[in-house]
file data.cif (mmCIF, C-alpha atoms)
data_protein
loop_
_atom_site.label_atom_id
_atom_site.label_comp_id
_atom_site.auth_asym_id
_atom_site.auth_seq_id
_atom_site.Cartn_x
_atom_site.Cartn_y
_atom_site.Cartn_z
CA MET U 1 61.07 -19.93 15.01
CA ILE U 2 63.45 -19.55 12.04
CA PHE U 3 62.39 -17.62 8.97
CA ASP U 4 61.64 -20.19 6.24
CA VAL U 5 62.63 -18.65 2.91
CA PRO U 6 61.07 -21.34 0.65
CA PHE U 7 57.78 -21.04 2.56
CA ALA U 8 57.88 -17.25 2.28
CA ILE U 9 58.42 -17.53 -1.47
CA SER U 10 55.54 -20.01 -1.79
CA ILE U 11 53.05 -17.59 -0.22
CA LEU U 12 54.20 -14.55 -2.19
CA PRO U 13 51.56 -14.93 -4.95
CA LEU U 14 48.77 -15.01 -2.37
CA MET U 15 50.27 -12.07 -0.50
CA GLY U 16 50.64 -10.21 -3.79
CA MET U 17 46.92 -10.56 -4.47
CA ALA U 18 46.21 -9.26 -0.97
CA ALA U 19 48.58 -6.33 -1.58
CA THR U 20 46.51 -5.42 -4.64
CA VAL U 21 43.39 -5.33 -2.46
CA THR U 22 45.20 -3.12 0.07
CA LEU U 23 46.32 -0.66 -2.59
CA LYS U 24 42.90 -0.63 -4.25
CA ALA U 25 41.17 0.03 -0.93
CA THR U 26 43.60 2.88 -0.23
CA ALA U 27 43.15 4.46 -3.66
CA LEU U 28 39.36 4.26 -3.69
CA GLY U 29 39.10 5.33 -0.06
CA TYR U 30 41.31 8.34 -0.73
CA VAL U 31 39.17 9.41 -3.70
CA ILE U 32 36.11 9.32 -1.44
CA GLY U 33 37.96 11.14 1.34
CA PHE U 34 39.40 13.76 -1.03
CA LEU U 35 36.12 14.61 -2.75
CA GLY U 36 34.11 14.32 0.44
CA GLY U 37 36.56 16.49 2.36
CA LEU U 38 36.51 19.15 -0.34
CA ALA U 39 32.70 19.17 -0.43
CA LEU U 40 32.46 19.39 3.36
CA ALA U 41 34.99 22.22 3.52
CA VAL U 42 33.21 24.24 0.84
CA GLY U 43 29.89 23.57 2.56
CA ARG U 44 31.19 24.94 5.84
CA LEU U 45 32.67 28.02 4.20
CA GLN U 46 29.96 28.85 1.69
CA GLY U 47 26.84 27.48 3.39
CA GLY U 48 24.73 29.38 5.84
CA PRO U 49 25.23 29.33 9.61
CA TRP U 50 22.87 26.37 10.07
CA LEU U 51 24.70 24.24 7.49
CA ALA U 52 28.11 25.25 8.86
CA ARG U 53 27.16 24.25 12.41
CA THR U 54 25.63 20.96 11.24
CA LEU U 55 28.72 20.03 9.23
CA ALA U 56 31.03 21.08 12.07
CA PHE U 57 29.16 18.76 14.47
CA MET U 58 29.24 15.90 11.95
CA LEU U 59 32.98 16.29 11.34
CA GLU U 60 33.71 16.40 15.06
CA PHE U 61 31.63 13.26 15.58
CA ILE U 62 33.47 11.36 12.84
CA ARG U 63 36.90 12.45 14.08
CA SER U 64 36.01 11.56 17.68
CA THR U 65 35.01 7.95 16.94
CA PRO U 66 37.49 5.23 15.90
CA LEU U 67 37.65 3.99 12.34
CA LEU U 68 37.17 0.43 13.54
CA VAL U 69 33.89 1.31 15.27
CA GLN U 70 32.67 3.10 12.14
CA ALA U 71 33.55 0.09 9.96
CA PHE U 72 31.72 -2.25 12.35
CA PHE U 73 28.68 0.04 12.31
CA LEU U 74 28.50 0.14 8.51
CA TYR U 75 29.05 -3.61 8.15
CA PHE U 76 26.91 -4.99 10.98
CA VAL U 77 24.35 -2.30 11.83
CA MET U 78 23.43 -0.68 8.51
CA PRO U 79 22.05 -3.98 7.09
CA LYS U 80 19.38 -3.72 9.81
CA PHE U 81 18.20 -0.59 7.99
CA GLY U 82 18.30 -2.23 4.57
CA VAL U 83 21.75 -0.98 3.52
CA ARG U 84 23.89 -4.04 2.79
CA LEU U 85 27.26 -3.83 1.04
CA PRO U 86 30.03 -6.40 0.51
CA ALA U 87 32.96 -6.30 2.92
CA PHE U 88 35.36 -4.58 0.51
CA GLU U 89 32.94 -1.83 -0.48
CA THR U 90 32.01 -1.29 3.16
CA GLY U 91 35.66 -1.00 4.13
CA VAL U 92 36.38 1.50 1.36
CA LEU U 93 33.35 3.56 2.35
CA ALA U 94 34.30 3.50 6.03
CA ILE U 95 37.89 4.57 5.49
CA GLY U 96 36.83 7.22 2.95
CA ILE U 97 34.22 8.76 5.25
CA HIS U 98 36.57 8.66 8.22
CA TYR U 99 39.39 10.49 6.46
CA SER U 100 37.07 12.93 4.71
CA ALA U 101 36.55 14.52 8.14
CA TYR U 102 40.29 15.14 8.46
CA LEU U 103 40.81 16.22 4.86
CA ALA U 104 37.92 18.69 5.24
CA GLU U 105 39.98 20.62 7.79
CA VAL U 106 43.00 20.56 5.49
CA PHE U 107 40.92 21.98 2.64
CA ARG U 108 39.28 24.56 4.88
CA ALA U 109 42.65 25.84 6.07
CA GLY U 110 44.00 25.93 2.53
CA ILE U 111 40.99 27.76 1.12
CA GLU U 112 41.00 30.29 3.95
CA GLY U 113 44.68 30.90 3.19
CA VAL U 114 43.90 32.31 -0.24
CA PRO U 115 44.30 36.12 -0.03
CA LYS U 116 41.06 38.08 0.21
CA GLY U 117 42.05 40.12 -2.82
CA GLN U 118 41.91 37.00 -5.00
CA TRP U 119 38.30 36.40 -3.96
CA GLU U 120 37.40 40.00 -4.67
CA ALA U 121 39.11 39.92 -8.06
CA SER U 122 37.29 36.74 -9.11
CA THR U 123 33.99 38.30 -8.03
CA ALA U 124 34.78 41.45 -10.00
CA LEU U 125 35.39 39.30 -13.09
CA GLY U 126 31.88 37.92 -12.77
CA LEU U 127 32.92 34.31 -12.12
CA ASP U 128 30.29 32.03 -10.64
CA ALA U 129 31.07 29.97 -7.53
CA VAL U 130 32.18 26.85 -9.45
CA ARG U 131 34.54 28.69 -11.79
CA LYS U 132 35.81 30.83 -8.93
CA TYR U 133 36.96 27.72 -7.08
CA GLN U 134 38.14 25.95 -10.23
CA LEU U 135 40.16 28.78 -11.76
CA VAL U 136 41.23 30.98 -8.85
CA VAL U 137 40.89 29.48 -5.38
CA LEU U 138 41.91 25.82 -5.63
CA PRO U 139 44.98 26.36 -7.86
CA GLN U 140 46.35 28.61 -5.11
CA ALA U 141 45.07 26.61 -2.15
CA ILE U 142 46.18 23.09 -3.12
CA PRO U 143 50.01 23.49 -3.38
CA PRO U 144 50.45 24.44 0.32
CA MET U 145 48.15 21.55 1.27
CA ILE U 146 50.19 18.85 -0.49
CA PRO U 147 52.25 17.76 2.57
CA ALA U 148 49.12 17.35 4.71
CA LEU U 149 47.17 15.63 1.92
CA GLY U 150 50.08 13.26 1.33
CA ASN U 151 50.47 12.48 5.03
CA TYR U 152 46.81 11.53 5.30
CA LEU U 153 47.20 9.27 2.27
CA ILE U 154 50.01 7.42 4.03
CA LEU U 155 48.02 7.24 7.27
CA MET U 156 45.03 5.85 5.38
CA PHE U 157 47.26 3.22 3.77
CA LYS U 158 48.58 2.15 7.17
CA ASP U 159 45.02 1.95 8.55
CA THR U 160 43.83 -0.56 5.95
CA PRO U 161 44.71 -3.55 8.21
CA LEU U 162 41.79 -2.47 10.40
CA LEU U 163 39.49 -3.56 7.57
CA SER U 164 40.47 -7.15 8.28
CA ALA U 165 38.05 -6.93 11.21
CA ILE U 166 35.16 -6.97 8.73
CA SER U 167 36.71 -9.73 6.61
CA VAL U 168 38.26 -7.60 3.87
CA MET U 169 40.92 -9.84 2.33
CA GLU U 170 43.74 -7.31 2.50
CA MET U 171 47.28 -8.19 3.53
CA MET U 172 46.74 -8.48 7.27
CA GLN U 173 43.68 -10.68 6.92
CA THR U 174 45.49 -12.90 4.42
CA ALA U 175 48.53 -13.17 6.70
CA LYS U 176 46.33 -14.21 9.63
CA LEU U 177 44.59 -16.86 7.54
CA ILE U 178 47.91 -18.26 6.31
CA GLY U 179 49.16 -18.35 9.89
CA SER U 180 46.05 -20.11 11.18
CA GLU U 181 46.26 -22.75 8.44
CA THR U 182 50.02 -23.41 8.59
CA PHE U 183 50.83 -22.34 12.18
CA ARG U 184 53.57 -20.16 10.73
CA TYR U 185 53.04 -16.45 11.39
CA LEU U 186 56.61 -15.21 11.09
CA GLU U 187 56.83 -15.30 7.30
CA PRO U 188 53.45 -13.77 6.35
CA LEU U 189 53.63 -11.06 9.01
CA THR U 190 57.20 -10.22 8.01
CA ILE U 191 56.07 -9.84 4.39
CA VAL U 192 53.24 -7.57 5.54
CA ALA U 193 55.62 -5.42 7.59
CA ALA U 194 58.13 -5.17 4.73
CA PHE U 195 55.37 -4.23 2.27
CA PHE U 196 54.01 -1.46 4.46
CA LEU U 197 57.50 -0.15 5.19
CA VAL U 198 58.49 0.01 1.52
CA MET U 199 55.19 1.52 0.40
CA SER U 200 55.12 4.09 3.21
CA LEU U 201 58.67 5.24 2.48
CA SER U 202 57.91 5.37 -1.24
CA GLY U 203 54.76 7.38 -0.54
CA ALA U 204 56.67 9.83 1.63
CA SER U 205 59.23 10.31 -1.14
CA MET U 206 56.46 10.93 -3.69
CA VAL U 207 54.84 13.51 -1.41
CA THR U 208 58.16 15.35 -1.07
CA TRP U 209 58.65 15.27 -4.84
CA ALA U 210 55.11 16.55 -5.47
CA GLU U 211 55.58 19.35 -2.95
CA HIS U 212 58.76 20.58 -4.62
CA ARG U 213 57.22 20.22 -8.08
CA PHE U 214 54.16 22.29 -7.17
CA GLN U 215 56.29 24.91 -5.44
CA ARG U 216 58.27 25.42 -8.65
CA TRP U 217 55.05 25.45 -10.69
CA ALA U 218 53.50 28.05 -8.38
CA ARG U 219 56.41 30.39 -8.98
#
call {"tool": "encode", "arguments": {"input": "data.cif", "output": "structure tokens"}}
result
Amino acid sequence: MIFDVPFAISILPLMGMAATVTLKATALGYVIGFLGGLALAVGRLQGGPWLARTLAFMLEFIRSTPLLVQAFFLYFVMPKFGVRLPAFETGVLAIGIHYSAYLAEVFRAGIEGVPKGQWEASTALGLDAVRKYQLVVLPQAIPPMIPALGNYLILMFKDTPLLSAISVMEMMQTAKLIGSETFRYLEPLTIVAAFFLVMSLSGASMVTWAEHRFQRWAR
């Protein structure tokens, strides 16, 4: 099969719409994963032994089951319990929950890396828990975490094609539909591969830039 340039150009608008869905799913999923991971990490560190053990078990369970299985469970099983969401929202929730378990460990390591003296100083100043994290702990913990946080963002982006299994109209799903209708898979799949390659390399460059920027700011 020879790559048909006019056909590839003709499907670009449709693929562009699908690319928007992919980027939107990544952005929203990362917000859920970021905030959820931070909350889980703080819960493990600041909660009592019972809460810490419960969260540790939950995180291990999420990390030990595939994202695809979790997406299927949310989309096909949860409606049996009265929780019904559209495919896109379900996909975003699935990918956000899945990566929150990984980001929680990144946050936990970063928070534990803050020197003990900083915690003692913030306590001596009379800061409550929220202001302690906001003003003292997180500003010191986040810069060293940037490479790991950025890597998980790229991994999440590359995992969005799995959402096609629950009918989310992202790039992979759109490419498969175009192929099934036209019997031409080379062009749409090549566009998908090129898009993911360009975006992943761009994301890696942005992570490197952010890391250097925060290192200079921390000094």
call {"tool": "resolve_selection", "arguments": {"input": "data.cif", "expression": "the PyMOL selection byres ((chain U and resi 140) around 10)", "output": "PyMOL selection string"}}
result
chain U and resi 110-111+113-115+118+133+135-139+141-145+218
call {"tool": "write_last_selection", "arguments": {"input": "data.cif", "atoms": "C-alpha atoms", "output": "CSV table (one decimal), in the coordinates of the input"}}
result
chain,number,residue,atom,x,y,z
U,110,GLY,CA,44.0,25.9,2.5
U,111,ILE,CA,41.0,27.8,1.1
U,113,GLY,CA,44.7,30.9,3.2
U,114,VAL,CA,43.9,32.3,-0.2
U,115,PRO,CA,44.3,36.1,0.0
U,118,GLN,CA,41.9,37.0,-5.0
U,133,TYR,CA,37.0,27.7,-7.1
U,135,LEU,CA,40.2,28.8,-11.8
U,136,VAL,CA,41.2,31.0,-8.8
U,137,VAL,CA,40.9,29.5,-5.4
U,138,LEU,CA,41.9,25.8,-5.6
U,139,PRO,CA,45.0,26.4,-7.9
U,141,ALA,CA,45.1,26.6,-2.2
U,142,ILE,CA,46.2,23.1,-3.1
U,143,PRO,CA,50.0,23.5,-3.4
U,144,PRO,CA,50.4,24.4,0.3
U,145,MET,CA,48.2,21.6,1.3
U,218,ALA,CA,53.5,28.0,-8.4
call {"tool": "closest_residue", "arguments": {"input": "data.cif", "among": "U:Val21, U:Ala27, U:Ile11, U:Ala101", "to": "Ala56 in chain U", "atoms": "all atoms listed in the file"}}
result
U:Ala101
call {"tool": "residues_around", "arguments": {"input": "data.cif", "residues": "Phe157 in chain U", "least_positions_apart": "3", "cutoff": "12 Å", "atoms": "all atoms listed in the file", "output": "PyMOL selection string"}}
result
chain U and resi 19+21-30+92+95-96+99+150-154+160-163+170-171+195-204
call {"tool": "write_last_selection", "arguments": {"input": "data.cif", "atoms": "C-alpha atoms", "output": "PDB file, keeping the file's coordinate frame"}}
result
ATOM      1  CA  ALA U  19      48.580  -6.330  -1.580  1.00  0.00           C
ATOM      2  CA  VAL U  21      43.390  -5.330  -2.460  1.00  0.00           C
ATOM      3  CA  THR U  22      45.200  -3.120   0.070  1.00  0.00           C
ATOM      4  CA  LEU U  23      46.320  -0.660  -2.590  1.00  0.00           C
ATOM      5  CA  LYS U  24      42.900  -0.630  -4.250  1.00  0.00           C
ATOM      6  CA  ALA U  25      41.170   0.030  -0.930  1.00  0.00           C
ATOM      7  CA  THR U  26      43.600   2.880  -0.230  1.00  0.00           C
ATOM      8  CA  ALA U  27      43.150   4.460  -3.660  1.00  0.00           C
ATOM      9  CA  LEU U  28      39.360   4.260  -3.690  1.00  0.00           C
ATOM     10  CA  GLY U  29      39.100   5.330  -0.060  1.00  0.00           C
ATOM     11  CA  TYR U  30      41.310   8.340  -0.730  1.00  0.00           C
ATOM     12  CA  VAL U  92      36.380   1.500   1.360  1.00  0.00           C
ATOM     13  CA  ILE U  95      37.890   4.570   5.490  1.00  0.00           C
ATOM     14  CA  GLY U  96      36.830   7.220   2.950  1.00  0.00           C
ATOM     15  CA  TYR U  99      39.390  10.490   6.460  1.00  0.00           C
ATOM     16  CA  GLY U 150      50.080  13.260   1.330  1.00  0.00           C
ATOM     17  CA  ASN U 151      50.470  12.480   5.030  1.00  0.00           C
ATOM     18  CA  TYR U 152      46.810  11.530   5.300  1.00  0.00           C
ATOM     19  CA  LEU U 153      47.200   9.270   2.270  1.00  0.00           C
ATOM     20  CA  ILE U 154      50.010   7.420   4.030  1.00  0.00           C
ATOM     21  CA  THR U 160      43.830  -0.560   5.950  1.00  0.00           C
ATOM     22  CA  PRO U 161      44.710  -3.550   8.210  1.00  0.00           C
ATOM     23  CA  LEU U 162      41.790  -2.470  10.400  1.00  0.00           C
ATOM     24  CA  LEU U 163      39.490  -3.560   7.570  1.00  0.00           C
ATOM     25  CA  GLU U 170      43.740  -7.310   2.500  1.00  0.00           C
ATOM     26  CA  MET U 171      47.280  -8.190   3.530  1.00  0.00           C
ATOM     27  CA  PHE U 195      55.370  -4.230   2.270  1.00  0.00           C
ATOM     28  CA  PHE U 196      54.010  -1.460   4.460  1.00  0.00           C
ATOM     29  CA  LEU U 197      57.500  -0.150   5.190  1.00  0.00           C
ATOM     30  CA  VAL U 198      58.490   0.010   1.520  1.00  0.00           C
ATOM     31  CA  MET U 199      55.190   1.520   0.400  1.00  0.00           C
ATOM     32  CA  SER U 200      55.120   4.090   3.210  1.00  0.00           C
ATOM     33  CA  LEU U 201      58.670   5.240   2.480  1.00  0.00           C
ATOM     34  CA  SER U 202      57.910   5.370  -1.240  1.00  0.00           C
ATOM     35  CA  GLY U 203      54.760   7.380  -0.540  1.00  0.00           C
ATOM     36  CA  ALA U 204      56.670   9.830   1.630  1.00  0.00           C
TER      37      ALA U 204
END
call {"tool": "closest_residue", "arguments": {"input": "data.cif", "among": "U:Trp209, U:Trp119, U:Phe183, U:Tyr102", "to": "Leu35 in chain U", "atoms": "all atoms listed in the file"}}
result
U:Tyr102
call {"tool": "closest_residue", "arguments": {"input": "data.cif", "among": "U:Phe107, U:Phe88, U:Phe214, U:Phe76", "to": "Ala18 in chain U", "atoms": "only C-alpha atoms"}}
result
U:Phe88
call {"tool": "atom_distance", "arguments": {"input": "data.cif", "atom1": "CA of Pro66 in chain U", "atom2": "CA of Asp159 in chain U"}}
result
11.0 Å
call {"tool": "closest_residue", "arguments": {"input": "data.cif", "among": "U:Ile9, U:Leu40, U:Leu68, U:Ala148", "to": "Glu211 in chain U", "atoms": "all atoms listed in the file"}}
result
U:Ala148
call {"tool": "closest_residue", "arguments": {"input": "data.cif", "among": "U:Gly48, U:Gly33, U:Gly91, U:Pro86", "to": "Ala71 in chain U", "atoms": "all atoms listed in the file"}}
result
U:Gly91
call {"tool": "closest_residue", "arguments": {"input": "data.cif", "among": "U:Leu189, U:Ile97, U:Ala39, U:Met17", "to": "Met156 in chain U", "atoms": "all atoms listed in the file"}}
result
U:Ile97
call {"tool": "decode", "arguments": {"input": "data.cif", "residues": "range 34-135 of chain U", "atoms": "C-alpha atoms", "output": "mmCIF file, in the first residue's frame"}}
result
data_model
loop_
_atom_site.group_PDB
_atom_site.id
_atom_site.type_symbol
_atom_site.label_atom_id
_atom_site.label_comp_id
_atom_site.auth_asym_id
_atom_site.auth_seq_id
_atom_site.Cartn_x
_atom_site.Cartn_y
_atom_site.Cartn_z
ATOM 1 C CA PHE U 34 -2.178 15.641 40.160
ATOM 2 C CA LEU U 35 -4.719 16.745 42.758
ATOM 3 C CA GLY U 36 -5.670 13.192 43.661
ATOM 4 C CA GLY U 37 -2.047 12.136 44.001
ATOM 5 C CA LEU U 38 -1.262 15.113 46.228
ATOM 6 C CA ALA U 39 -4.280 14.407 48.437
ATOM 7 C CA LEU U 40 -3.403 10.721 48.722
ATOM 8 C CA ALA U 41 0.223 11.474 49.567
ATOM 9 C CA VAL U 42 -0.720 13.979 52.273
ATOM 10 C CA GLY U 43 -3.289 11.532 53.628
ATOM 11 C CA ARG U 44 -0.671 8.814 53.967
ATOM 12 C CA LEU U 45 1.817 11.126 55.635
ATOM 13 C CA GLN U 46 -0.486 13.110 57.904
ATOM 14 C CA GLY U 47 -3.288 10.628 58.573
ATOM 15 C CA GLY U 48 -3.280 8.072 61.326
ATOM 16 C CA PRO U 49 -1.977 4.524 60.958
ATOM 17 C CA TRP U 50 -5.384 3.182 59.904
ATOM 18 C CA LEU U 51 -5.776 5.767 57.132
ATOM 19 C CA ALA U 52 -2.181 5.287 55.980
ATOM 20 C CA ARG U 53 -2.612 1.510 55.678
ATOM 21 C CA THR U 54 -5.952 1.882 53.883
ATOM 22 C CA LEU U 55 -4.536 4.341 51.361
ATOM 23 C CA ALA U 56 -1.419 2.213 50.851
ATOM 24 C CA PHE U 57 -3.594 -0.818 50.022
ATOM 25 C CA MET U 58 -5.766 1.246 47.666
ATOM 26 C CA LEU U 59 -2.750 2.668 45.829
ATOM 27 C CA GLU U 60 -1.186 -0.767 45.464
ATOM 28 C CA PHE U 61 -4.463 -2.133 44.094
ATOM 29 C CA ILE U 62 -4.756 0.645 41.504
ATOM 30 C CA ARG U 63 -1.128 0.304 40.402
ATOM 31 C CA SER U 64 -1.439 -3.484 40.157
ATOM 32 C CA THR U 65 -4.439 -3.472 37.800
ATOM 33 C CA PRO U 66 -4.260 -2.322 34.156
ATOM 34 C CA LEU U 67 -5.725 0.993 33.079
ATOM 35 C CA LEU U 68 -7.800 -0.756 30.437
ATOM 36 C CA VAL U 69 -9.465 -2.993 33.038
ATOM 37 C CA GLN U 70 -10.204 0.027 35.232
ATOM 38 C CA ALA U 71 -11.737 1.915 32.285
ATOM 39 C CA PHE U 72 -13.905 -1.103 31.412
ATOM 40 C CA PHE U 73 -15.028 -1.386 35.037
ATOM 41 C CA LEU U 74 -16.051 2.274 35.259
ATOM 42 C CA TYR U 75 -17.819 2.220 31.881
ATOM 43 C CA PHE U 76 -19.579 -1.147 31.967
ATOM 44 C CA VAL U 77 -19.874 -2.136 35.636
ATOM 45 C CA MET U 78 -20.519 1.104 37.515
ATOM 46 C CA PRO U 79 -23.819 1.748 35.635
ATOM 47 C CA LYS U 80 -25.099 -1.407 37.362
ATOM 48 C CA PHE U 81 -24.727 0.536 40.620
ATOM 49 C CA GLY U 82 -26.415 3.651 39.255
ATOM 50 C CA VAL U 83 -23.256 5.555 38.287
ATOM 51 C CA ARG U 84 -23.465 6.282 34.562
ATOM 52 C CA LEU U 85 -21.120 8.707 32.795
ATOM 53 C CA PRO U 86 -20.510 9.446 29.104
ATOM 54 C CA ALA U 87 -17.537 7.732 27.474
ATOM 55 C CA PHE U 88 -15.278 10.801 27.510
ATOM 56 C CA GLU U 89 -15.894 11.632 31.164
ATOM 57 C CA THR U 90 -15.421 7.984 32.108
ATOM 58 C CA GLY U 91 -12.128 7.848 30.231
ATOM 59 C CA VAL U 92 -10.848 11.017 31.875
ATOM 60 C CA LEU U 93 -11.836 9.717 35.302
ATOM 61 C CA ALA U 94 -10.211 6.340 34.667
ATOM 62 C CA ILE U 95 -6.908 7.751 33.481
ATOM 63 C CA GLY U 96 -6.895 10.356 36.271
ATOM 64 C CA ILE U 97 -7.513 7.795 39.015
ATOM 65 C CA HIS U 98 -4.975 5.392 37.548
ATOM 66 C CA TYR U 99 -2.166 7.936 37.430
ATOM 67 C CA SER U 100 -3.053 9.486 40.779
ATOM 68 C CA ALA U 101 -1.724 6.272 42.344
ATOM 69 C CA TYR U 102 1.655 6.817 40.686
ATOM 70 C CA LEU U 103 1.780 10.567 41.306
ATOM 71 C CA ALA U 104 0.982 9.937 44.982
ATOM 72 C CA GLU U 105 4.322 8.155 45.349
ATOM 73 C CA VAL U 106 6.106 11.003 43.575
ATOM 74 C CA PHE U 107 4.544 13.529 45.954
ATOM 75 C CA ARG U 108 5.256 11.372 48.989
ATOM 76 C CA ALA U 109 8.931 11.089 48.079
ATOM 77 C CA GLY U 110 9.171 14.814 47.402
ATOM 78 C CA ILE U 111 7.472 15.798 50.653
ATOM 79 C CA GLU U 112 9.602 13.414 52.679
ATOM 80 C CA GLY U 113 12.665 14.990 51.057
ATOM 81 C CA VAL U 114 11.988 18.349 52.691
ATOM 82 C CA PRO U 115 14.492 18.752 55.574
ATOM 83 C CA LYS U 116 13.092 18.109 59.038
ATOM 84 C CA GLY U 117 14.269 21.532 60.158
ATOM 85 C CA GLN U 118 11.865 23.184 57.711
ATOM 86 C CA TRP U 119 8.939 21.344 59.293
ATOM 87 C CA GLU U 120 10.073 22.342 62.761
ATOM 88 C CA ALA U 121 10.536 25.965 61.733
ATOM 89 C CA SER U 122 7.050 26.170 60.209
ATOM 90 C CA THR U 123 5.589 24.657 63.379
ATOM 91 C CA ALA U 124 7.491 27.160 65.505
ATOM 92 C CA LEU U 125 6.005 29.979 63.425
ATOM 93 C CA GLY U 126 2.533 28.752 64.323
ATOM 94 C CA LEU U 127 1.490 27.851 60.771
ATOM 95 C CA ASP U 128 -1.501 25.559 60.418
ATOM 96 C CA ALA U 129 -1.273 22.427 58.255
ATOM 97 C CA VAL U 130 -2.617 24.082 55.087
ATOM 98 C CA ARG U 131 -0.302 27.097 55.244
ATOM 99 C CA LYS U 132 2.610 24.879 56.227
ATOM 100 C CA TYR U 133 2.231 22.900 53.014
ATOM 101 C CA GLN U 134 1.385 25.952 50.919
ATOM 102 C CA LEU U 135 4.191 28.245 52.070
#
